[in-house]
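*Asks:* This is the content of target31.pdb (PDB, C-alpha atoms, pLDDT in the B column):
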```pdb
ATOM      1  CA  MET A1095      21.712 -34.125  -9.536  1.00 59.00           C
ATOM      2  CA  ARG A1096      19.418 -37.144  -9.243  1.00 81.00           C
ATOM      3  CA  ARG A1097      17.142 -35.498  -6.650  1.00 83.00           C
ATOM      4  CA  GLY A1098      16.475 -32.572  -8.943  1.00 87.00           C
ATOM      5  CA  VAL A1099      15.605 -34.837 -11.857  1.00 92.00           C
ATOM      6  CA  CYS A1100      13.197 -36.843  -9.696  1.00 93.00           C
ATOM      7  CA  LEU A1101      11.576 -33.672  -8.306  1.00 92.00           C
ATOM      8  CA  ALA A1102      11.043 -32.223 -11.779  1.00 94.00           C
ATOM      9  CA  ALA A1103       9.570 -35.483 -13.036  1.00 95.00           C
ATOM     10  CA  SER A1104       7.127 -35.765 -10.122  1.00 95.00           C
ATOM     11  CA  THR A1105       5.880 -32.170 -10.463  1.00 96.00           C
ATOM     12  CA  ALA A1106       5.528 -32.606 -14.230  1.00 96.00           C
ATOM     13  CA  ALA A1107       3.316 -35.617 -13.578  1.00 96.00           C
ATOM     14  CA  LEU A1108       1.202 -33.603 -11.117  1.00 96.00           C
ATOM     15  CA  VAL A1109       0.749 -30.759 -13.604  1.00 96.00           C
ATOM     16  CA  ALA A1110      -0.197 -33.189 -16.375  1.00 96.00           C
ATOM     17  CA  ALA A1111      -2.751 -34.915 -14.130  1.00 97.00           C
ATOM     18  CA  ALA A1112      -4.278 -31.598 -13.056  1.00 96.00           C
ATOM     19  CA  LYS A1113      -4.594 -30.339 -16.638  1.00 96.00           C
ATOM     20  CA  ALA A1114      -6.126 -33.661 -17.722  1.00 96.00           C
ATOM     21  CA  GLU A1115      -8.742 -33.317 -14.987  1.00 96.00           C
ATOM     22  CA  ALA A1116      -9.310 -29.564 -15.445  1.00 96.00           C
ATOM     23  CA  PRO A1117      -8.288 -28.437 -18.942  1.00 94.00           C
ATOM     24  CA  GLY A1118      -7.342 -24.770 -18.974  1.00 93.00           C
ATOM     25  CA  CYS A1119      -6.184 -24.651 -15.360  1.00 96.00           C
ATOM     26  CA  VAL A1120      -3.116 -22.538 -14.634  1.00 97.00           C
ATOM     27  CA  SER A1121      -0.093 -24.114 -12.959  1.00 97.00           C
ATOM     28  CA  HIS A1122       2.140 -22.116 -10.626  1.00 97.00           C
ATOM     29  CA  LEU A1123       5.668 -22.785  -9.408  1.00 97.00           C
ATOM     30  CA  LEU A1124       6.478 -21.007  -6.120  1.00 96.00           C
ATOM     31  CA  THR A1125      10.185 -20.740  -5.344  1.00 95.00           C
ATOM     32  CA  TYR A1126      11.551 -19.321  -2.087  1.00 96.00           C
ATOM     33  CA  LEU A1127      14.850 -17.847  -3.201  1.00 96.00           C
ATOM     34  CA  PRO A1128      16.718 -17.475   0.149  1.00 95.00           C
ATOM     35  CA  THR A1129      16.475 -21.237   0.689  1.00 93.00           C
ATOM     36  CA  VAL A1130      17.003 -22.343  -2.893  1.00 93.00           C
ATOM     37  CA  LEU A1131      20.003 -20.044  -3.339  1.00 93.00           C
ATOM     38  CA  GLU A1132      21.543 -20.518   0.107  1.00 90.00           C
ATOM     39  CA  ALA A1133      25.109 -19.179  -0.100  1.00 84.00           C
ATOM     40  CA  LYS A1134      26.430 -21.929   2.186  1.00 87.00           C
ATOM     41  CA  ALA A1135      25.109 -24.620  -0.178  1.00 87.00           C
ATOM     42  CA  PRO A1136      25.723 -23.268  -3.688  1.00 83.00           C
ATOM     43  CA  GLU A1137      24.887 -26.592  -5.363  1.00 84.00           C
ATOM     44  CA  ALA A1138      21.519 -26.886  -3.615  1.00 83.00           C
ATOM     45  CA  LYS A1139      19.793 -25.115  -6.475  1.00 85.00           C
ATOM     46  CA  ARG A1140      20.460 -28.126  -8.673  1.00 87.00           C
ATOM     47  CA  ALA A1141      18.120 -30.118  -6.419  1.00 89.00           C
ATOM     48  CA  ASN A1142      15.759 -27.349  -5.322  1.00 90.00           C
ATOM     49  CA  MET A1143      15.491 -25.463  -8.634  1.00 93.00           C
ATOM     50  CA  PRO A1144      16.005 -28.227 -11.227  1.00 94.00           C
ATOM     51  CA  LEU A1145      16.361 -27.392 -14.911  1.00 94.00           C
ATOM     52  CA  GLY A1146      13.307 -29.570 -15.472  1.00 95.00           C
ATOM     53  CA  TRP A1147      11.275 -26.700 -14.015  1.00 96.00           C
ATOM     54  CA  ALA A1148      12.370 -24.357 -16.785  1.00 96.00           C
ATOM     55  CA  SER A1149       9.718 -22.688 -18.927  1.00 97.00           C
ATOM     56  CA  PRO A1150       7.262 -23.933 -20.128  1.00 96.00           C
ATOM     57  CA  ALA A1151       7.028 -26.601 -17.402  1.00 97.00           C
ATOM     58  CA  PHE A1152       4.655 -24.322 -15.476  1.00 98.00           C
ATOM     59  CA  ASP A1153       2.407 -21.505 -16.611  1.00 97.00           C
ATOM     60  CA  VAL A1154       3.538 -19.015 -13.958  1.00 98.00           C
ATOM     61  CA  LEU A1155       6.735 -18.659 -11.913  1.00 97.00           C
ATOM     62  CA  GLN A1156       6.225 -17.139  -8.453  1.00 98.00           C
ATOM     63  CA  LEU A1157       9.267 -15.762  -6.632  1.00 97.00           C
ATOM     64  CA  GLU A1158       9.415 -15.061  -2.907  1.00 97.00           C
ATOM     65  CA  ASP A1159      12.324 -13.670  -0.863  1.00 96.00           C
ATOM     66  CA  TYR A1160      10.964 -11.860   2.197  1.00 93.00           C
ATOM     67  CA  ASP A1161      13.889 -12.844   4.452  1.00 95.00           C
ATOM     68  CA  TRP A1162      16.124 -10.758   2.200  1.00 96.00           C
ATOM     69  CA  VAL A1163      13.516  -8.013   1.915  1.00 96.00           C
ATOM     70  CA  THR A1164      12.959  -7.546   5.644  1.00 95.00           C
ATOM     71  CA  ALA A1165      16.721  -7.613   6.225  1.00 94.00           C
ATOM     72  CA  GLY A1166      17.120  -4.755   3.738  1.00 94.00           C
ATOM     73  CA  ASP A1167      19.283  -6.969   1.504  1.00 96.00           C
ATOM     74  CA  SER A1168      18.152  -5.602  -1.850  1.00 94.00           C
ATOM     75  CA  SER A1169      21.307  -6.784  -3.612  1.00 95.00           C
ATOM     76  CA  SER A1170      20.554 -10.446  -2.782  1.00 95.00           C
ATOM     77  CA  SER A1171      16.984  -9.930  -3.979  1.00 96.00           C
ATOM     78  CA  ALA A1172      18.183  -8.561  -7.326  1.00 96.00           C
ATOM     79  CA  GLU A1173      20.781 -11.321  -7.724  1.00 96.00           C
ATOM     80  CA  GLY A1174      18.240 -14.014  -6.835  1.00 95.00           C
ATOM     81  CA  VAL A1175      15.757 -12.783  -9.431  1.00 96.00           C
ATOM     82  CA  ALA A1176      18.517 -12.725 -12.044  1.00 96.00           C
ATOM     83  CA  VAL A1177      19.576 -16.298 -11.210  1.00 95.00           C
ATOM     84  CA  ALA A1178      15.983 -17.564 -11.380  1.00 96.00           C
ATOM     85  CA  PHE A1179      15.463 -15.905 -14.752  1.00 96.00           C
ATOM     86  CA  ALA A1180      18.716 -17.239 -16.172  1.00 96.00           C
ATOM     87  CA  ARG A1181      18.095 -20.767 -14.894  1.00 95.00           C
ATOM     88  CA  LEU A1182      14.363 -21.142 -15.583  1.00 97.00           C
ATOM     89  CA  GLY A1183      13.728 -18.644 -18.382  1.00 97.00           C
ATOM     90  CA  TYR A1184      10.191 -17.499 -17.520  1.00 98.00           C
ATOM     91  CA  PRO A1185       9.450 -14.134 -19.180  1.00 97.00           C
ATOM     92  CA  VAL A1186       8.610 -11.374 -16.735  1.00 97.00           C
ATOM     93  CA  GLU A1187       4.986 -11.229 -17.874  1.00 97.00           C
ATOM     94  CA  ARG A1188       4.630 -14.830 -16.629  1.00 98.00           C
ATOM     95  CA  GLN A1189       6.084 -14.078 -13.209  1.00 98.00           C
ATOM     96  CA  HIS A1190       4.477 -13.198  -9.877  1.00 98.00           C
ATOM     97  CA  TYR A1191       6.301 -11.676  -6.916  1.00 98.00           C
ATOM     98  CA  LEU A1192       5.410 -12.299  -3.265  1.00 96.00           C
ATOM     99  CA  SER A1193       6.907  -9.416  -1.319  1.00 94.00           C
ATOM    100  CA  GLY A1194       6.326 -10.462   2.268  1.00 92.00           C
ATOM    101  CA  PHE A1195       4.424 -10.038   5.522  1.00 91.00           C
ATOM    102  CA  VAL A1196       5.064  -8.753   9.047  1.00 94.00           C
ATOM    103  CA  LEU A1197       4.857 -11.398  11.736  1.00 93.00           C
ATOM    104  CA  ARG A1198       4.712  -9.305  14.922  1.00 93.00           C
ATOM    105  CA  PRO A1199       3.327  -5.837  15.749  1.00 92.00           C
ATOM    106  CA  ASP A1200       6.737  -4.650  16.953  1.00 93.00           C
ATOM    107  CA  GLN A1201       8.106  -5.315  13.447  1.00 94.00           C
ATOM    108  CA  ALA A1202       5.634  -2.980  11.712  1.00 92.00           C
ATOM    109  CA  ALA A1203       8.477  -0.846  10.334  1.00 91.00           C
ATOM    110  CA  GLU A1204       9.210  -3.713   7.926  1.00 94.00           C
ATOM    111  CA  TRP A1205       6.130  -2.790   5.867  1.00 94.00           C
ATOM    112  CA  GLY A1206       8.182  -0.012   4.286  1.00 93.00           C
ATOM    113  CA  LEU A1207      10.808  -2.489   3.085  1.00 95.00           C
ATOM    114  CA  ILE A1208       8.120  -4.885   1.829  1.00 96.00           C
ATOM    115  CA  GLU A1209       6.320  -2.119  -0.042  1.00 94.00           C
ATOM    116  CA  ALA A1210       9.565  -0.908  -1.635  1.00 94.00           C
ATOM    117  CA  ALA A1211      10.401  -4.454  -2.826  1.00 96.00           C
ATOM    118  CA  ALA A1212       6.920  -4.781  -4.301  1.00 95.00           C
ATOM    119  CA  GLU A1213       7.387  -1.529  -6.210  1.00 94.00           C
ATOM    120  CA  VAL A1214      10.698  -2.812  -7.611  1.00 96.00           C
ATOM    121  CA  ALA A1215       8.914  -5.945  -8.851  1.00 96.00           C
ATOM    122  CA  ARG A1216       6.144  -3.887 -10.433  1.00 94.00           C
ATOM    123  CA  ALA A1217       8.727  -1.736 -12.183  1.00 94.00           C
ATOM    124  CA  ARG A1218      10.310  -4.940 -13.459  1.00 95.00           C
ATOM    125  CA  GLY A1219       6.988  -5.741 -15.125  1.00 96.00           C
ATOM    126  CA  VAL A1220       5.749  -8.825 -13.253  1.00 97.00           C
ATOM    127  CA  ALA A1221       2.143  -9.784 -13.873  1.00 97.00           C
ATOM    128  CA  GLU A1222       1.111  -9.780 -10.193  1.00 96.00           C
ATOM    129  CA  THR A1223       2.611  -8.585  -6.895  1.00 96.00           C
ATOM    130  CA  PHE A1224       1.382  -9.782  -3.495  1.00 95.00           C
ATOM    131  CA  LEU A1225       1.654  -8.522   0.086  1.00 92.00           C
ATOM    132  CA  TRP A1226      -0.048 -10.570   2.820  1.00 88.00           C
ATOM    133  CA  ALA A1227      -1.904 -11.364   4.944  1.00 88.00           C
ATOM    134  CA  LEU A1228      -5.068  -9.411   5.679  1.00 88.00           C
ATOM    135  CA  PRO A1229      -4.955  -9.930   9.490  1.00 90.00           C
ATOM    136  CA  GLN A1230      -1.440  -8.451   9.662  1.00 91.00           C
ATOM    137  CA  VAL A1231      -2.308  -5.604   7.284  1.00 90.00           C
ATOM    138  CA  MET A1232      -5.372  -4.694   9.354  1.00 87.00           C
ATOM    139  CA  ARG A1233      -3.479  -5.117  12.636  1.00 89.00           C
ATOM    140  CA  ASP A1234      -0.760  -2.641  11.645  1.00 89.00           C
ATOM    141  CA  GLY A1235      -2.940  -0.284   9.598  1.00 86.00           C
ATOM    142  CA  PHE A1236      -0.746  -0.654   6.512  1.00 88.00           C
ATOM    143  CA  VAL A1237      -1.995   1.347   3.508  1.00 86.00           C
ATOM    144  CA  HIS A1238      -0.385   1.505   0.078  1.00 85.00           C
ATOM    145  CA  PHE A1239      -1.024   4.629  -1.989  1.00 77.00           C
ATOM    146  CA  ASP A1240      -0.710   3.793  -5.660  1.00 74.00           C
ATOM    147  CA  SER A1241       0.663   6.810  -7.534  1.00 67.00           C
ATOM    148  CA  SER A1242       1.492   4.923 -10.728  1.00 64.00           C
ATOM    149  CA  GLY A1243      -1.808   5.576 -12.496  1.00 58.00           C
ATOM    150  CA  GLY A1244      -0.698   8.857 -14.051  1.00 56.00           C
ATOM    151  CA  ASP A1245      -3.549  10.894 -12.544  1.00 56.00           C
ATOM    152  CA  GLU A1246      -2.976  14.619 -12.398  1.00 57.00           C
ATOM    153  CA  VAL A1247      -1.657  15.699  -9.018  1.00 56.00           C
ATOM    154  CA  VAL A1248      -4.058  17.956  -7.098  1.00 51.00           C
ATOM    155  CA  GLU A1249      -2.446  20.641  -4.990  1.00 58.00           C
ATOM    156  CA  ALA A1250      -3.338  20.127  -1.335  1.00 69.00           C
ATOM    157  CA  PHE A1251      -3.664  23.828  -0.503  1.00 74.00           C
ATOM    158  CA  ASP A1252      -4.694  27.061  -2.188  1.00 77.00           C
ATOM    159  CA  ASP A1253      -3.149  30.175  -0.658  1.00 77.00           C
ATOM    160  CA  VAL A1254      -6.397  32.155  -0.589  1.00 79.00           C
ATOM    161  CA  LEU A1255      -8.644  33.337   2.215  1.00 79.00           C
ATOM    162  CA  PHE A1256     -12.194  32.174   2.741  1.00 77.00           C
ATOM    163  CA  PRO A1257     -14.200  34.951   1.060  1.00 80.00           C
ATOM    164  CA  LEU A1258     -16.903  35.644   3.662  1.00 77.00           C
ATOM    165  CA  ALA A1259     -16.868  37.086   7.152  1.00 73.00           C
ATOM    166  CA  LEU A1260     -17.736  34.412   9.704  1.00 70.00           C
ATOM    167  CA  GLY A1261     -20.742  34.850  11.969  1.00 68.00           C
ATOM    168  CA  ARG A1262     -20.349  34.399  15.706  1.00 69.00           C
ATOM    169  CA  GLU A1263     -22.366  31.177  15.529  1.00 71.00           C
ATOM    170  CA  ALA A1264     -19.956  29.535  13.053  1.00 73.00           C
ATOM    171  CA  GLU A1265     -18.788  26.146  14.299  1.00 76.00           C
ATOM    172  CA  VAL A1266     -15.596  24.147  13.985  1.00 76.00           C
ATOM    173  CA  ALA A1267     -15.305  20.434  14.761  1.00 81.00           C
ATOM    174  CA  PRO A1268     -12.101  18.347  14.871  1.00 84.00           C
ATOM    175  CA  GLY A1269     -12.116  14.870  13.331  1.00 86.00           C
ATOM    176  CA  PHE A1270      -9.740  11.934  13.687  1.00 86.00           C
ATOM    177  CA  SER A1271      -9.114   8.674  11.849  1.00 88.00           C
ATOM    178  CA  THR A1272      -8.504   6.062  14.517  1.00 87.00           C
ATOM    179  CA  ALA A1273      -9.125   2.350  14.017  1.00 87.00           C
ATOM    180  CA  ILE A1274      -9.803   0.093  17.007  1.00 88.00           C
ATOM    181  CA  LEU A1275      -9.366  -3.626  16.342  1.00 84.00           C
ATOM    182  CA  THR A1276     -10.769  -6.043  18.913  1.00 85.00           C
ATOM    183  CA  SER A1277      -9.573  -9.647  18.995  1.00 78.00           C
ATOM    184  CA  GLY A1278     -11.751 -12.598  19.898  1.00 76.00           C
ATOM    185  CA  GLY A1279     -10.268 -12.524  23.398  1.00 76.00           C
ATOM    186  CA  GLY A1280     -11.249  -8.889  23.878  1.00 80.00           C
ATOM    187  CA  ARG A1281      -7.771  -7.387  23.447  1.00 83.00           C
ATOM    188  CA  GLU A1282      -7.775  -4.031  21.643  1.00 86.00           C
ATOM    189  CA  ALA A1283      -5.228  -2.589  19.250  1.00 85.00           C
ATOM    190  CA  ARG A1284      -5.512   1.060  18.214  1.00 86.00           C
ATOM    191  CA  ASN A1285      -4.056   2.773  15.177  1.00 85.00           C
ATOM    192  CA  ALA A1286      -4.227   6.536  14.585  1.00 84.00           C
ATOM    193  CA  ALA A1287      -3.930   7.213  10.850  1.00 83.00           C
ATOM    194  CA  TRP A1288      -3.621  11.015  11.109  1.00 84.00           C
ATOM    195  CA  ALA A1289      -0.970  12.926  13.028  1.00 80.00           C
ATOM    196  CA  GLU A1290      -3.294  15.919  13.551  1.00 80.00           C
ATOM    197  CA  ALA A1291      -7.020  16.548  13.649  1.00 81.00           C
ATOM    198  CA  ARG A1292      -8.860  17.347  10.441  1.00 78.00           C
ATOM    199  CA  THR A1293     -11.254  20.217  11.103  1.00 76.00           C
ATOM    200  CA  SER A1294     -14.600  20.912   9.461  1.00 77.00           C
ATOM    201  CA  TYR A1295     -16.480  24.176   9.620  1.00 74.00           C
ATOM    202  CA  ASP A1296     -20.129  25.181   9.566  1.00 78.00           C
ATOM    203  CA  VAL A1297     -20.200  28.709   8.120  1.00 74.00           C
ATOM    204  CA  GLY A1298     -23.954  28.814   7.574  1.00 73.00           C
ATOM    205  CA  PRO A1299     -24.543  31.564  10.152  1.00 72.00           C
ATOM    206  CA  GLY A1300     -22.202  33.807   8.134  1.00 70.00           C
ATOM    207  CA  LEU A1301     -24.431  33.822   5.045  1.00 79.00           C
ATOM    208  CA  ARG A1302     -26.383  37.046   5.061  1.00 79.00           C
ATOM    209  CA  SER A1303     -27.726  37.376   1.510  1.00 85.00           C
ATOM    210  CA  GLU A1304     -28.227  35.674  -1.829  1.00 87.00           C
ATOM    211  CA  ALA A1305     -25.036  37.375  -3.005  1.00 88.00           C
ATOM    212  CA  ASP A1306     -23.110  35.634  -0.198  1.00 85.00           C
ATOM    213  CA  ILE A1307     -24.448  32.300  -1.407  1.00 85.00           C
ATOM    214  CA  GLY A1308     -23.231  33.086  -4.937  1.00 88.00           C
ATOM    215  CA  VAL A1309     -19.758  33.995  -3.620  1.00 87.00           C
ATOM    216  CA  LEU A1310     -19.590  30.765  -1.618  1.00 83.00           C
ATOM    217  CA  LEU A1311     -20.665  28.612  -4.571  1.00 86.00           C
ATOM    218  CA  ALA A1312     -18.054  30.196  -6.835  1.00 89.00           C
ATOM    219  CA  PHE A1313     -15.397  29.659  -4.178  1.00 85.00           C
ATOM    220  CA  PHE A1314     -16.272  25.965  -3.857  1.00 82.00           C
ATOM    221  CA  ARG A1315     -16.260  25.438  -7.611  1.00 86.00           C
ATOM    222  CA  ALA A1316     -12.837  27.059  -7.924  1.00 86.00           C
ATOM    223  CA  ARG A1317     -11.490  24.606  -5.300  1.00 81.00           C
ATOM    224  CA  MET A1318     -13.312  21.647  -6.938  1.00 79.00           C
ATOM    225  CA  GLY A1319     -15.156  21.022  -3.680  1.00 74.00           C
ATOM    226  CA  GLY A1320     -12.697  19.440  -1.297  1.00 73.00           C
ATOM    227  CA  GLY A1321      -9.849  19.425  -3.807  1.00 74.00           C
ATOM    228  CA  ALA A1322      -7.781  21.962  -1.859  1.00 75.00           C
ATOM    229  CA  GLY A1323      -7.503  23.409   1.612  1.00 74.00           C
ATOM    230  CA  VAL A1324      -7.785  27.149   2.286  1.00 74.00           C
ATOM    231  CA  SER A1325      -7.046  29.684   5.014  1.00 68.00           C
ATOM    232  CA  VAL A1326      -9.960  30.679   7.212  1.00 65.00           C
ATOM    233  CA  ALA A1327      -9.471  34.081   8.846  1.00 58.00           C
ATOM    234  CA  GLY A1328     -11.353  35.360  11.847  1.00 49.00           C
ATOM    235  CA  SER A1329     -10.533  36.187  15.455  1.00 41.00           C
ATOM    236  CA  PHE A1330     -13.567  34.290  16.782  1.00 45.00           C
ATOM    237  CA  LEU A1331     -12.742  31.079  14.866  1.00 46.00           C
ATOM    238  CA  THR A1332      -9.049  31.271  15.722  1.00 44.00           C
ATOM    239  CA  SER A1333      -9.776  31.721  19.406  1.00 44.00           C
ATOM    240  CA  MET A1334     -11.912  28.564  19.320  1.00 44.00           C
ATOM    241  CA  LEU A1335      -9.083  26.627  17.684  1.00 44.00           C
ATOM    242  CA  SER A1336      -6.057  27.774  19.639  1.00 43.00           C
ATOM    243  CA  GLY A1337      -7.024  30.179  22.385  1.00 40.00           C
ATOM    244  CA  ARG A1338      -5.325  33.092  20.584  1.00 37.00           C
ATOM    245  CA  SER A1339      -7.168  36.315  19.801  1.00 33.00           C
ATOM    246  CA  SER A1340      -6.127  36.738  16.153  1.00 31.00           C
ATOM    247  CA  GLY A1341      -4.521  34.971  13.205  1.00 33.00           C
ATOM    248  CA  LEU A1342      -5.344  32.385  10.567  1.00 35.00           C
ATOM    249  CA  ALA A1343      -6.795  28.906  10.958  1.00 38.00           C
ATOM    250  CA  MET A1344      -6.102  26.230   8.386  1.00 38.00           C
ATOM    251  CA  GLY A1345      -8.998  24.072   7.238  1.00 43.00           C
ATOM    252  CA  SER A1346     -10.266  21.859   4.437  1.00 42.00           C
ATOM    253  CA  CYS A1347     -12.614  23.365   1.904  1.00 39.00           C
ATOM    254  CA  GLY A1348     -14.314  19.984   1.816  1.00 38.00           C
ATOM    255  CA  GLY A1349     -15.310  20.457   5.461  1.00 36.00           C
ATOM    256  CA  LEU A1350     -17.282  23.688   4.965  1.00 38.00           C
ATOM    257  CA  LEU A1351     -20.985  23.032   5.521  1.00 37.00           C
ATOM    258  CA  TRP A1352     -23.718  25.199   4.100  1.00 32.00           C
TER     259      TRP A1352
END
```
Step by step, read the file and then write its structure as structure tokens.
*Replies:*
Amino acid sequence: MRRGVCLAASTAALVAAAKAEAPGCVSHLLTYLPTVLEAKAPEAKRANMPLGWASPAFDVLQLEDYDWVTAGDSSSSAEGVAVAFARLGYPVERQHYLSGFVLRPDQAAEWGLIEAAAEVARARGVAETFLWALPQVMRDGFVHFDSSGGDEVVEAFDDVLFPLALGREAEVAPGFSTAILTSGGGREARNAAWAEARTSYDVGPGLRSEADIGVLLAFFRARMGGGAGVSVAGSFLTSMLSGRSSGLAMGSCGGLLW
């Protein structure tokens, strides 16, 4: 198709001019797959993804398909990536993937779909994966936990009791992780990151001897500081937490102060 040939020639000229001005610069080709591979216009890719863009016309191929991602259409995403690879031939290590963004606060559930698509791209081996933009990420409180590093998993809880009797002056304090974002117009948006309070304890009044200090130190070292939660027993502490007269209270070893 003539349009595709002209488009490829013009972009080739731009890349050549840029590299002549700044030798060593890296050229990127960004292709939005849902438009380029529109099912109602199957021949459009000849104009919008011309063979003149095939490797090595650009240094990096960037693929974007967030309309498919946020619609949960993973099959179209996979097919689109396959078509782009077959047509343009960029090896996966020279590809970037742009997973998407969430336009409105009421669409925040789409972050899960965007994150899952990004993980698929990472598993495919692309050089870089992008989610954007910072204002939307901060607005919705989106956090990605990267578990691909191979670090040893730390158990969140040790089924052992705190080894010392608690004094009546022991203290417990609840903590929360709540972000308040204020816009330039004064409007506030609040995001609570934790479903429940995280409690910390001051057990200093329960230390009665040097031996107690030794027991406490050994207990902390066995838990690697705050590496695991423990059960804290005591009728006084439990009554402070829940109004009951007996039982166990769950806490974080990292919150014990001494």
*Asks:* For the structure provided, state which residues fall under the PyMOL selection byres ((chain A and resi 1278-1288) around 10), and present them as an NGL selection string.
*Replies:* :A and (1199 or 1232-1237 or 1269-1277 or 1289-1292)
*Asks:* Decode the PyMOL selection byres ((chain A and resi 1207) around 10) for the given file into explicit residues and return them as a tab-separated table (two decimals) with C-alpha atoms, in the coordinates of the input.
*Replies:*
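Output saved as selection-v1.tsv:
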```tsv
chain	number	residue	atom	x	y	z
A	1160	TYR	CA	10.96	-11.86	2.20
A	1162	TRP	CA	16.12	-10.76	2.20
A	1163	VAL	CA	13.52	-8.01	1.92
A	1164	THR	CA	12.96	-7.55	5.64
A	1165	ALA	CA	16.72	-7.61	6.22
A	1166	GLY	CA	17.12	-4.76	3.74
A	1167	ASP	CA	19.28	-6.97	1.50
A	1168	SER	CA	18.15	-5.60	-1.85
A	1193	SER	CA	6.91	-9.42	-1.32
A	1194	GLY	CA	6.33	-10.46	2.27
A	1203	ALA	CA	8.48	-0.85	10.33
A	1204	GLU	CA	9.21	-3.71	7.93
A	1205	TRP	CA	6.13	-2.79	5.87
A	1206	GLY	CA	8.18	-0.01	4.29
A	1208	ILE	CA	8.12	-4.88	1.83
A	1209	GLU	CA	6.32	-2.12	-0.04
A	1210	ALA	CA	9.56	-0.91	-1.64
A	1211	ALA	CA	10.40	-4.45	-2.83
A	1212	ALA	CA	6.92	-4.78	-4.30
A	1213	GLU	CA	7.39	-1.53	-6.21
```
*Asks:* Any idea what the distance is between CA of Leu1124 (chain A) and CA of Gln1156 (chain A)?
*Replies:* 4.5 Å
*Asks:* Could you give me the axis-aligned bounding box of region 1255-1267 of chain A, with 3 Å of padding per side, as centre plus edge lengths in Å to one decimal, as AutoDock Vina command-line options?
*Replies:*
```
--center_x -15.5 --center_y 28.8 --center_z 8.4 --size_x 19.7 --size_y 22.7 --size_z 20.6
```
*Asks:* For Arg1198 (chain A), find every residue with an atom within 9 Å (counting all atoms listed in the file), except residues of its own chain fewer than 3 positions away, and show them as a PyMOL selection string.
*Replies:* chain A and resi 1201-1202+1230
*Asks:* With the PyMOL selection byres ((chain A and resi 1129-1139) around 10) as the selection, what would be picked from this file? Answer as a PyMOL selection string, please.
*Replies:* chain A and resi 1095+1098+1125-1128+1140-1145+1159+1161+1170+1173-1174+1177-1178+1181
*Asks:* Near Phe1152 (chain A), counting all atoms listed in the file, which residues have an atom at most 6 Å away, once you skip same-chain residues fewer than 2 positions from it, shown as an mmCIF file with C-alpha atoms, in the coordinates of the input?
*Replies:*
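selection07.cif written:
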```
data_model
loop_
_atom_site.group_PDB
_atom_site.id
_atom_site.type_symbol
_atom_site.label_atom_id
_atom_site.label_comp_id
_atom_site.auth_asym_id
_atom_site.auth_seq_id
_atom_site.Cartn_x
_atom_site.Cartn_y
_atom_site.Cartn_z
ATOM 1 C CA SER A 1121 -0.093 -24.114 -12.959
ATOM 2 C CA HIS A 1122 2.140 -22.116 -10.626
ATOM 3 C CA PRO A 1150 7.262 -23.933 -20.128
ATOM 4 C CA VAL A 1154 3.538 -19.015 -13.958
#
```
*Asks:* Hey, which of A:Val1254, A:Leu1192, A:Ser1294, A:Glu1265 ends up closest to Trp1226 (chain A)? Count all atoms listed in the file.
*Replies:*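 Answer, going by the shortest atom-to-atom distance: A:Leu1192.
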*Asks:* Please, what distance in Å, to one decimal, runs between CA of Leu1108 (chain A) and CA of Val1120 (chain A)?
*Replies:*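 For CA of Leu1108 (chain A) relative to CA of Val1120 (chain A), the distance reads 12.4 Å.
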*Asks:* Please determine, counting all atoms listed in the file, which residue among A:Leu1258, A:Tyr1191, A:Arg1096, A:Ala1322 has the shortest atom-to-atom distance to Ile1307 (chain A).
*Replies:*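 For Ile1307 (chain A), the nearest of the given residues is A:Leu1258.
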*Asks:* Just the number, please: distance in Å from CA of Val1220 (chain A) to CA of Arg1188 (chain A), one decimal.
*Replies:* 7.0 Å
*Asks:* Give me the residues near Gln1189 (chain A) as a ChimeraX atom specification, where near means some atom within 9 Å (using all atoms listed in the file) and where sequence neighbours in that chain fewer than 2 positions away do not count.
*Replies:* /A:1153-1157,1184-1187,1191,1219-1222
